[in-house]
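S.K.: After the structure tokens below, expect a handful of questions from me.
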2 protein chains.
Amino acid sequence: MYKAPVEEIAFTLKHVAGLSKAIEDGKLGDLSDDLVDAILTEAGRFASDEVAPLAEIGDKQGARMVDGKVIVPDGWDNLYRAWAEGGWNSLTASQDFGGQGLPHMLNVAALEMWNSGSMGFALGPTLTMGAVDAVTAHGSEELKAKYLPKMVSGEWTGTMNLTEPHAGSDLGVMKSRAERRDDGTYRIFGQKIFITWGEHEITENIIHLVLARLPDAPAGTRGISLFLVPKYLVNDDGSLGARNDLHCHSLEHKLGIHGSPTCTMIYGDGKYGDEPGAIGWLIGEENKGLACMFTMMNNARLAVGMQGVAICEAATQKAVQYAKDRTQGKAPGWTGSGMSPIIEHPDVARMLVTMKALTQGSRAICYVCAHATDMSHHAEGDEARHWAERAALLTPIAKSFATDAGVDVASLGIQTHGGMGFIEETGAARYWRDSRIAPIYEGTNGIQAADLVTRKLPLSNGNHVRGYITELKQVVNAVRASNLEAFGETAARLDASLSDLEDTTEWLLSQLAAGNASAALSGATPYQRLFGLTLTGVYLAKGALADEDHGRDNRLALCRFATENLIAETAALKDRVIHGEASLNAARALFA
Amino acid sequence: MYKAPVEEIAFTLKHVAGLSKAIEDGKLGDLSDDLVDAILTEAGRFASDEVAPLAEIGDKQGARMVDGKVIVPDGWDNLYRAWAEGGWNSLTASQDFGGQGLPHMLNVAALEMWNSGSMGFALGPTLTMGAVDAVTAHGSEELKAKYLPKMVSGEWTGTMNLTEPHAGSDLGVMKSRAERRDDGTYRIFGQKIFITWGEHEITENIIHLVLARLPDAPAGTRGISLFLVPKYLVNDDGSLGARNDLHCHSLEHKLGIHGSPTCTMIYGDGKYGDEPGAIGWLIGEENKGLACMFTMMNNARLAVGMQGVAICEAATQKAVQYAKDRTQGKAPGWTGSGMSPIIEHPDVARMLVTMKALTQGSRAICYVCAHATDMSHHAEGDEARHWAERAALLTPIAKSFATDAGVDVASLGIQTHGGMGFIEETGAARYWRDSRIAPIYEGTNGIQAADLVTRKLPLSNGNHVRGYITELKQVVNAVRASNLEAFGETAARLDASLSDLEDTTEWLLSQLAAGNASAALSGATPYQRLFGLTLTGVYLAKGALADEDHGRDNRLALCRFATENLIAETAALKDRVIHGEASLNAARALFA
């Protein structure tokens with residue numbers, strides 16, 4: 001059973017991502033290392049003792065429709081309420097509305113633990129937090145006062161309604177429509193699909209954020225507006241009024257995250273109310289809905305990245321335990337009686353160390369990304385812009401690298417279990433099934449790569465990413481200066497990967513400058529992975545350097561394994577980035 | 001819906017794997033290219049029109065126990081009977097017992113098609129074929145006469161009973177026991193798990209091959225005997241007698257291949273018959289049971305490899321179709337009206353071409369392996385030994401590379417579908433779930449790697465693999481001599497990968513010679529992948545060279561993509577092979 005790795009999480013936050021330094025520098029108010037430890041410890045307890053035990057029943061029962069109602073798995077309603085009462089929904093929310101105003105980093109660490117416990121469960125609150133962010137940033141004072149306190153406390157959950165059958169990655173073609181009413185409200189009509197936690201009976205109200213198009217809106221993405229559409233209308237005194245004209249039509253039958261209801265939502269078909277049309281309130285300005293969504297996109301994408309980290313951690317724990325317990329054959333050098341634990345076999349050990357390295361690398365990248373977001377909120381002017389650019393650059397890498405790692409690590413977890421890995425009761429297969437959605441939603445990893453290459457590399461004319469690479473090189477210098485033999489060839493390997501990163505970055509920038517988008521996009525996915533692998537090596541080294549106490553040798557050994565075994569792949573990836581387009585275009589004829 | 005790629009299969013058999021040359025050289029009797037085409041065409045029709053349409057219901061309903069009986073999905077009983085009546089069970093079986101005595105290559109190609117249609121369905125007959133092979137090679141004349149005709153025709157199915165809860169990869173510790181009886185029969189007692197198609201009502205009898213230990217047997221793998229244990233005893237006139245004392249206790253709840261019943265079998269607990277003990281007949285000699293299993297292990301492992309190829313093909317077809325139909329966004333250079341088909345986006349195209357290259361590479365490796373088996377059967381002396389060694393060398397590569405490719409390609413298939421890929425009704429997820437067992441059963445891919453390195457490389461003192469690499473180099477010479485510009489950098493890339501293969505091979509042989517098994521085993525999995533990737537490049541090149549008609553440009557383009565994009569990974573793999581052990585051993589402390 002999953003046990004939250006609180007110490008490792010705290011170490012990574014403090015010494016790799018920069019939390020301790022930010023606290024020392026007075027950037028985070030009266031937050032202290034001790035308070036951080038206390039929060040993480042309690043989150044770890046709740047995730048391990050309360051959430052994780054309900055993951056299997058969540059998978060087996062799944063969310064289901066009974067007599068038109070969406071029913072969550074047994075125990076999840078009480079679990080959710082205990083979780084919200086623990087204050088976990090409000091860590092980063094504004095203190096003006098009952099939130100705790102804590103750094104984003106802490107919430108990201110907590111999200112990791114909820115998702116390790118049960119990804120299907122953790123997904124609901126993640127959406128609520130996104131809705132809170134959007135209303136906080138763009139809602140009118142009236143909307144905020146009316147909705148935020150109960151959304152922040154978790155008494156009401158929130159959803160994001162973007163996708164339609166023909167509008168997934170490309171939201172510009174969405175058809176849901178909104179009509180203005182004289183009282184300043186709107187009426188919303190349309191069908192939305194893939195709406196996470198779109199309907200349930202756990203809370204008394206659900207606040208839907210819905211993208212729709214006004215009759216006179218410009219075509220494409222510049223004609224989309226964002227609306228707040230509650231399941232039950234809210235009276236001025238805060239009590240609940242009539243049922244709004246919206247409902248869940250059906251649930252999807254999914255590969256994983258079975259406990260999370262994925263709803264097809266119908267707005268304004270006249271099922272409820274006097275006249276058809278779900279009553280909504282504008283968030284932000286008309287036709288600026290997509291900009292409102294972009295505000296919270298970094299957070300949402302990083303939250304999905306945390307699902308990757310979470311699956312990595314949980315799947316690795318499970319596999320290590322099995323490999324210690326299961327005996328089979330005799331490993332080379334085994335002198336014990338009977339069969340060896342399979343962890344003694346070099347091939348099994350290789351799988352487990354690889355899992356550990358990808359887990360820790362993904363975690364570090366995601367936390368570093370969260371740190372950048374925090375710093376951007378606690379700085380001004382050029383410094384704020386610097387950190388905002390850092391968060392923007394890292395977000396697609398964090399989302400894609402961690403979610404790909406989640407799938408790969410969960411797969412190695414199955415493999416470690418042998419035949420038992422294919423049996424559902426073992427639980428290893430559930431991690432793999434759950435993990436598979438994360439490279440897809442909140443922008444597929446291919447879209448992350450396109451975003452990274454075409455929008456993020458050009459930030460500050462390419463100088464932001466260049467400056468970042470220079471910073472990364474300083475870690476390698478420190479590795480070299482440490483003279484620690486246990487680093488093995490780490491410095492030389494990191495040099496090589498950083499050089500691959502630098503070469504491909506400059507090549508991509510030159511292609512973009514020459515207007516050759518096709519060449520840049522052809523290499524985007526391999527580049528994104530190259531970046532993530534290199535960061536894995538660098539941040540494992542940073543952690544090893546920072547660890548002056550117990551565990552130093554373990555961190556050094558993990559870093560050495562990663563740099564000597566995993567990151568050499570950057571050379572091949574560089575090749576794909578720079579030389580991929582011509583052969584790719586030639587091969588397109590295959591599908592003509 | 002899957003459509004069997006009959007032309008591609010025939011081309012690969014004939015011109016890449018060597019079937020046409022073997023026919024020309026008179027090695028395969030009166031088999032002709034035309035007969036090959038006729039068989040493949042009819043197999044393709046059956047797989048596409050009869051098997052594939054029943055795959056989804058097989059997955060949804062699954063095999064289940066109803067009132068103690070194992071029930072297969074709706075329609076599968078008639079499907080099986082039509083399949084057997086079509087003669088598909090008996091392609092390679094001996095003509096002495098009603099088989100068709102055709103080359104193994106043809107059966108392997110047919111297996112690909114059945115598995116593309118439905119992996120859960122195809123698995124049952126695969127086990128029967130394995131049982132036929134074992135009885136044919138090692139059974140007494142009496143056993144053969146009594147059982148083979150109905151097993152060859154498919155009137156009865158067969159199973160293989162190896163695994164026990166504590167004996168999976170390591171069969172030496174199995175506990176099932178056999179007692180001698182004065183009449184020359186044995187009584188079998190014990191529990192076997194993971195028994196594929198161990199029980200069902202489709203055929204009137206099921207012939208179980210069961211490994212068990214005699215009371216006076218030596219410990220370990222040298223004390224295991226193989227028994228034939230029918231579900232119903234067979235009278236001398238061929239009619240069925242009493243029910244034997246064995247039954248299916250329960251079915252596993254699996255990640256995939258739901259339609260295939262995976263049984264826990266109980267032998268000899270007294271449920272049936274006068275006295276406890278399932279009546280069995282010895283196959284081969286006492287205590288030589290594992291040697292009997294080894295006889296057919298190459299075939300069984302290659303059959304699993306074909307499941308990988310099969311999933312690759314089916315998943316690729318599905319993804320290509322979706323990517324042509326689904327429109328979203330505007331790809332660079334798109335001049336059509338509205339959104340582009342997503343296949344126009346470079347990242348989607350990259351996924352699809354990668355899928356295609358891995359499919360074709362895996363197929364070629366597996367067919368080449370089957371060809372080696374056929375040639376070993378149709379030759380004598382040194383030539384037979386040469387081909388047997390070739391088949392032995394290629395089997396672990398074929399099994400592991402193709403099954404890993406199956407998982408990877410099915411995953412890319414899901415990714416191509418975006419959010420729809422996560423919805424079960426789409427069908428992309430089923431391929432991925434089904435695919436995941438193939439790297440595990442018939443020896444995990446880690447065990448394949450250990451076999452490749454420690455048993456196959458040393459064949460003929462390393463000279464077999466050296467000779468093979470020399471042959472592979474001749475393909476590169478032909479690429480260079482062709483002067484075909486469309487090959488791009490293929491020759492140089494293949495040179496580099498073959499050099500990596502050569503270096504790692506020699507390094508591993510030297511480690512083995514020095515008695516350093518741990519070093520060799522630490523690099524076994526990366527070496528196995530290095531070998532498979534290199535073979536992919538070489539055999540795609542061989543196909544491109546051989547294709548003088550239509551499609552030449554497509555084969556050249558696919559080859560170029562593979563060599564310029566995929567096989568550069570061999571450099572990093574070489575690194576892992578040669579430098580992996582030290583860092584791996586240092587990192588083991590992580591789990592202490």
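Chains: A, B, ... in order of the structure tokens. Residues: from 1 per chain. Ligands: from 1, in order shown.
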With only C-alpha atoms as the counted atoms, please give the residues lying no more than 12 Å from stretch 570-573 of chain B, apart from itself and same-chain residues fewer than 2 positions off, as a short mmCIF file (atom, residue, chain, number, x, y, z; two decimals) with N, CA, C and O atoms, in the first residue's frame.
M.R.:
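And here is the file that came out, out16.cif:
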```cif
data_model
loop_
_atom_site.label_atom_id
_atom_site.label_comp_id
_atom_site.auth_asym_id
_atom_site.auth_seq_id
_atom_site.Cartn_x
_atom_site.Cartn_y
_atom_site.Cartn_z
N ARG A 493 28.67 13.38 -18.75
CA ARG A 493 27.40 13.04 -19.38
C ARG A 493 26.46 14.24 -19.41
O ARG A 493 25.74 14.44 -20.39
N SER A 497 24.76 16.15 -22.70
CA SER A 497 23.33 16.37 -22.88
C SER A 497 23.00 17.86 -22.97
O SER A 497 22.14 18.28 -23.74
N THR A 563 22.50 9.53 -15.14
CA THR A 563 23.36 10.19 -16.13
C THR A 563 24.13 9.17 -16.97
O THR A 563 24.35 9.39 -18.16
N GLU A 564 24.51 8.04 -16.36
CA GLU A 564 25.29 7.06 -17.13
C GLU A 564 24.41 6.11 -17.95
O GLU A 564 24.90 5.43 -18.83
N ASN A 565 23.12 6.04 -17.63
CA ASN A 565 22.26 5.08 -18.32
C ASN A 565 21.12 5.68 -19.12
O ASN A 565 20.75 5.17 -20.16
N LEU A 566 20.51 6.73 -18.60
CA LEU A 566 19.28 7.20 -19.23
C LEU A 566 19.48 8.38 -20.17
O LEU A 566 18.83 8.47 -21.21
N ILE A 567 20.36 9.31 -19.80
CA ILE A 567 20.35 10.56 -20.57
C ILE A 567 21.20 10.52 -21.84
O ILE A 567 21.13 11.46 -22.64
N ALA A 568 21.94 9.44 -22.04
CA ALA A 568 22.69 9.34 -23.30
C ALA A 568 21.74 9.36 -24.50
O ALA A 568 22.16 9.64 -25.63
N GLU A 569 20.48 9.07 -24.26
CA GLU A 569 19.47 9.11 -25.31
C GLU A 569 19.37 10.49 -25.96
O GLU A 569 18.82 10.62 -27.07
N THR A 570 19.87 11.52 -25.30
CA THR A 570 19.72 12.87 -25.89
C THR A 570 20.42 12.98 -27.24
O THR A 570 20.00 13.76 -28.09
N ALA A 571 21.49 12.21 -27.45
CA ALA A 571 22.19 12.28 -28.74
C ALA A 571 21.27 11.84 -29.87
O ALA A 571 21.19 12.48 -30.93
N ALA A 572 20.56 10.72 -29.64
CA ALA A 572 19.63 10.23 -30.67
C ALA A 572 18.47 11.20 -30.85
O ALA A 572 17.98 11.42 -31.96
N LEU A 573 18.04 11.80 -29.75
CA LEU A 573 16.92 12.75 -29.83
C LEU A 573 17.32 13.99 -30.62
O LEU A 573 16.55 14.53 -31.42
N ASP A 575 19.39 14.10 -32.98
CA ASP A 575 19.34 13.64 -34.36
C ASP A 575 17.92 13.75 -34.93
O ASP A 575 17.71 14.21 -36.04
N ARG B 493 23.84 5.16 -41.35
CA ARG B 493 23.18 4.89 -40.09
C ARG B 493 23.24 3.40 -39.75
O ARG B 493 23.42 3.02 -38.59
N LEU B 494 23.04 2.57 -40.75
CA LEU B 494 23.13 1.13 -40.51
C LEU B 494 24.54 0.73 -40.13
O LEU B 494 24.75 -0.11 -39.24
N ASP B 495 25.52 1.31 -40.79
CA ASP B 495 26.92 1.06 -40.41
C ASP B 495 27.13 1.32 -38.93
O ASP B 495 27.73 0.52 -38.21
N ALA B 496 26.64 2.47 -38.49
CA ALA B 496 26.85 2.86 -37.09
C ALA B 496 26.17 1.87 -36.14
O ALA B 496 26.76 1.43 -35.14
N SER B 497 24.94 1.49 -36.46
CA SER B 497 24.22 0.58 -35.56
C SER B 497 24.85 -0.81 -35.58
O SER B 497 24.94 -1.48 -34.54
N LEU B 498 25.27 -1.25 -36.76
CA LEU B 498 25.92 -2.57 -36.83
C LEU B 498 27.24 -2.57 -36.08
O LEU B 498 27.63 -3.57 -35.47
N SER B 499 27.91 -1.44 -36.10
CA SER B 499 29.14 -1.34 -35.33
C SER B 499 28.84 -1.39 -33.83
O SER B 499 29.55 -2.03 -33.06
N ASP B 500 27.75 -0.73 -33.42
CA ASP B 500 27.34 -0.83 -32.01
C ASP B 500 27.00 -2.27 -31.65
O ASP B 500 27.33 -2.75 -30.56
N LEU B 501 26.32 -2.93 -32.58
CA LEU B 501 25.95 -4.33 -32.33
C LEU B 501 27.19 -5.21 -32.20
O LEU B 501 27.29 -6.07 -31.31
N GLU B 502 28.13 -4.97 -33.07
CA GLU B 502 29.36 -5.77 -33.06
C GLU B 502 30.15 -5.53 -31.76
O GLU B 502 30.59 -6.48 -31.10
N ASP B 503 30.29 -4.26 -31.41
CA ASP B 503 31.05 -3.94 -30.20
C ASP B 503 30.43 -4.55 -28.95
O ASP B 503 31.12 -5.11 -28.10
N THR B 504 29.12 -4.42 -28.84
CA THR B 504 28.47 -4.94 -27.63
C THR B 504 28.49 -6.46 -27.62
O THR B 504 28.63 -7.07 -26.56
N GLY B 523 23.55 -5.84 -18.73
CA GLY B 523 23.38 -5.18 -20.02
C GLY B 523 22.47 -5.94 -20.97
O GLY B 523 22.32 -5.55 -22.13
N ALA B 524 21.85 -7.00 -20.49
CA ALA B 524 21.14 -7.89 -21.42
C ALA B 524 19.94 -7.23 -22.09
O ALA B 524 19.76 -7.35 -23.31
N THR B 525 19.11 -6.54 -21.33
CA THR B 525 17.92 -5.93 -21.93
C THR B 525 18.26 -4.83 -22.93
O THR B 525 17.72 -4.82 -24.04
N PRO B 526 19.16 -3.90 -22.58
CA PRO B 526 19.53 -2.91 -23.61
C PRO B 526 20.15 -3.56 -24.85
O PRO B 526 19.93 -3.10 -25.97
N TYR B 527 20.92 -4.62 -24.66
CA TYR B 527 21.53 -5.30 -25.81
C TYR B 527 20.44 -5.91 -26.70
O TYR B 527 20.50 -5.81 -27.93
N GLN B 528 19.47 -6.53 -26.08
CA GLN B 528 18.40 -7.16 -26.85
C GLN B 528 17.66 -6.13 -27.71
O GLN B 528 17.33 -6.37 -28.87
N ARG B 529 17.44 -4.95 -27.13
CA ARG B 529 16.75 -3.91 -27.88
C ARG B 529 17.65 -3.36 -29.00
O ARG B 529 17.19 -3.09 -30.11
N LEU B 530 18.92 -3.21 -28.69
CA LEU B 530 19.89 -2.75 -29.68
C LEU B 530 19.86 -3.69 -30.90
O LEU B 530 19.84 -3.24 -32.05
N PHE B 531 19.83 -4.96 -30.62
CA PHE B 531 19.83 -5.96 -31.69
C PHE B 531 18.54 -5.81 -32.52
O PHE B 531 18.57 -5.78 -33.75
N GLY B 532 17.42 -5.71 -31.84
CA GLY B 532 16.14 -5.61 -32.54
C GLY B 532 16.02 -4.35 -33.38
O GLY B 532 15.52 -4.38 -34.51
N LEU B 533 16.50 -3.24 -32.85
CA LEU B 533 16.45 -1.98 -33.62
C LEU B 533 17.31 -2.08 -34.86
O LEU B 533 16.93 -1.63 -35.95
N THR B 534 18.50 -2.64 -34.70
CA THR B 534 19.40 -2.77 -35.84
C THR B 534 18.78 -3.67 -36.90
O THR B 534 18.81 -3.35 -38.11
N LEU B 535 18.19 -4.77 -36.46
CA LEU B 535 17.54 -5.66 -37.43
C LEU B 535 16.37 -4.97 -38.13
O LEU B 535 16.13 -5.19 -39.32
N THR B 536 15.66 -4.13 -37.40
CA THR B 536 14.57 -3.37 -38.02
C THR B 536 15.10 -2.56 -39.20
O THR B 536 14.55 -2.58 -40.30
N GLY B 537 16.18 -1.84 -38.95
CA GLY B 537 16.77 -1.02 -40.02
C GLY B 537 17.23 -1.88 -41.19
O GLY B 537 16.96 -1.58 -42.36
N THR B 563 15.82 4.42 -40.24
CA THR B 563 17.27 4.51 -40.01
C THR B 563 17.68 5.91 -39.56
O THR B 563 18.58 6.05 -38.74
N GLU B 564 17.00 6.94 -40.07
CA GLU B 564 17.40 8.30 -39.69
C GLU B 564 16.77 8.75 -38.38
O GLU B 564 17.21 9.74 -37.80
N ASN B 565 15.72 8.07 -37.93
CA ASN B 565 15.03 8.54 -36.72
C ASN B 565 15.06 7.58 -35.56
O ASN B 565 15.10 7.99 -34.42
N LEU B 566 14.93 6.30 -35.84
CA LEU B 566 14.73 5.36 -34.73
C LEU B 566 16.00 4.66 -34.28
O LEU B 566 16.19 4.42 -33.10
N ILE B 567 16.87 4.30 -35.23
CA ILE B 567 17.95 3.39 -34.82
C ILE B 567 19.16 4.09 -34.23
O ILE B 567 20.04 3.43 -33.69
N ALA B 568 19.18 5.44 -34.27
CA ALA B 568 20.30 6.14 -33.63
C ALA B 568 20.34 5.84 -32.14
O ALA B 568 21.37 6.02 -31.48
N ASP B 575 26.00 2.14 -24.74
CA ASP B 575 26.46 2.74 -23.51
C ASP B 575 25.92 2.01 -22.29
O ASP B 575 26.64 1.70 -21.34
N ARG B 576 24.61 1.72 -22.33
CA ARG B 576 23.99 1.03 -21.20
C ARG B 576 24.52 -0.39 -21.05
O ARG B 576 24.70 -0.89 -19.95
N VAL B 577 24.74 -1.03 -22.19
CA VAL B 577 25.25 -2.40 -22.14
C VAL B 577 26.62 -2.42 -21.46
O VAL B 577 26.86 -3.19 -20.52
N ILE B 578 27.49 -1.56 -21.93
CA ILE B 578 28.90 -1.66 -21.53
C ILE B 578 29.18 -0.96 -20.21
O ILE B 578 30.02 -1.41 -19.43
N HIS B 579 28.49 0.14 -19.96
CA HIS B 579 28.80 0.91 -18.75
C HIS B 579 27.73 0.83 -17.67
O HIS B 579 27.79 1.55 -16.69
N GLY B 580 26.76 -0.04 -17.88
CA GLY B 580 25.62 -0.02 -16.96
C GLY B 580 25.88 -0.64 -15.60
O GLY B 580 25.35 -0.19 -14.59
#
```
S.K.: For chain B against chain A, with a cut-off of 7 Å and counting only C-alpha atoms, what is the closest atom pair and its distance in Å to one decimal for every residue that makes the cut, ordered by chain and number, as CSV?
M.R.:
```
residue,atom,partner,partner_atom,distance
B:Ser169,CA,A:Gln328,CA,6.8
B:Asp170,CA,A:Gly329,CA,5.3
B:Glu252,CA,A:Ile423,CA,6.7
B:His253,CA,A:Ile423,CA,5.9
B:Lys254,CA,A:Ile423,CA,4.6
B:Leu255,CA,A:Phe422,CA,5.5
B:Gln328,CA,A:Asp170,CA,5.6
B:Gly329,CA,A:Asp170,CA,5.3
B:Pro332,CA,A:Ser518,CA,5.7
B:Pro346,CA,A:Ser522,CA,5.1
B:Asp347,CA,A:Ser522,CA,6.0
B:Ala349,CA,A:Arg588,CA,7.0
B:Arg350,CA,A:Leu584,CA,6.5
B:Val353,CA,A:Ala587,CA,6.8
B:Gln415,CA,A:Ile440,CA,6.6
B:Gly418,CA,A:Ile440,CA,5.8
B:Gly419,CA,A:Ile440,CA,6.3
B:Phe422,CA,A:Leu255,CA,5.5
B:Ile423,CA,A:Lys254,CA,4.6
B:Glu424,CA,A:Lys254,CA,5.4
B:Ala429,CA,A:Leu255,CA,6.5
B:Ile437,CA,A:Phe422,CA,6.3
B:Ile440,CA,A:Gly418,CA,5.8
B:Tyr441,CA,A:Gly419,CA,6.7
B:Thr444,CA,A:Gly418,CA,6.9
B:Gly446,CA,A:Asp347,CA,6.2
B:Ala517,CA,A:Pro332,CA,6.6
B:Ser518,CA,A:Pro332,CA,5.7
B:Leu521,CA,A:Pro346,CA,6.2
B:Ser522,CA,A:Pro346,CA,5.1
B:Asn554,CA,A:Leu590,CA,5.6
B:Ala557,CA,A:Ala587,CA,4.8
B:Leu558,CA,A:Ala587,CA,5.6
B:Arg560,CA,A:Ser583,CA,6.1
B:Phe561,CA,A:Ser583,CA,5.0
B:Asn565,CA,A:Arg576,CA,5.3
B:Ala568,CA,A:Ala572,CA,5.1
B:Glu569,CA,A:Ala572,CA,5.3
B:Ala572,CA,A:Ala568,CA,5.1
B:Arg576,CA,A:Asn565,CA,5.3
B:Gly580,CA,A:Asn565,CA,6.3
B:Ser583,CA,A:Phe561,CA,4.9
B:Leu584,CA,A:Phe561,CA,6.2
B:Ala586,CA,A:Ala557,CA,5.6
B:Ala587,CA,A:Ala557,CA,4.8
B:Arg588,CA,A:Ala349,CA,7.0
B:Ala589,CA,A:Asn554,CA,6.6
B:Leu590,CA,A:Asn554,CA,5.6
```
S.K.: Would you mind listing what lies within 12 Å of B:Ala82 as a count of residues only, with only C-alpha atoms counted and same-chain residues fewer than 3 positions away left out?
M.R.: 18
S.K.: Would you pick out the contacts of stretch 464-479 of chain B at 8 Å or less, using only C-alpha atoms, so that residues sharing its chain but fewer than 3 positions from it are not included, and give the list as a VMD selection string?
M.R.: chain B and resid 386 389 to 390 393 457 459 to 461 482 to 484 487 490 to 491 494 to 495 498 502 538 541 to 542 545
S.K.: Might you pull out every residue within 10 Å of B:Ala122, with only C-alpha atoms counted and same-chain residues fewer than 5 positions away left off, and present them as a list of chain:residue names?
M.R.: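 The residues satisfying every condition are B:Ala47, B:Val51, B:Tyr80, B:Leu111, B:Glu112, B:Met113, B:Trp114, B:Asn115, B:Ser116, B:Gly117, B:Leu127, B:Ile257, B:Ser260, B:Gln307.
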S.K.: Fewer than 3 positions away in the same chain doesn't count, so skip those; otherwise give me all residues within 9 Å of A:Val135, counting only C-alpha atoms, as number ranges by chain.
M.R.: A: 130-132, 138-140, 143-144, 147-148, 209, 228, 283-284, 292
S.K.: For a quick check of understanding, using only C-alpha atoms, which of B:Leu31, B:Leu233, B:Ala217, B:Ala370 has the smallest distance to B:Leu13?
M.R.: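 Counting only C-alpha atoms, the residue closest to B:Leu13 is B:Ala370.
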S.K.: For B:Ile311, work out the shell of residues within 7 Å, counting only C-alpha atoms and skipping chain neighbours fewer than 2 positions away, then give it as a ChimeraX atom specification.
M.R.: /B:116,307-309,313-315,406,410,431,435
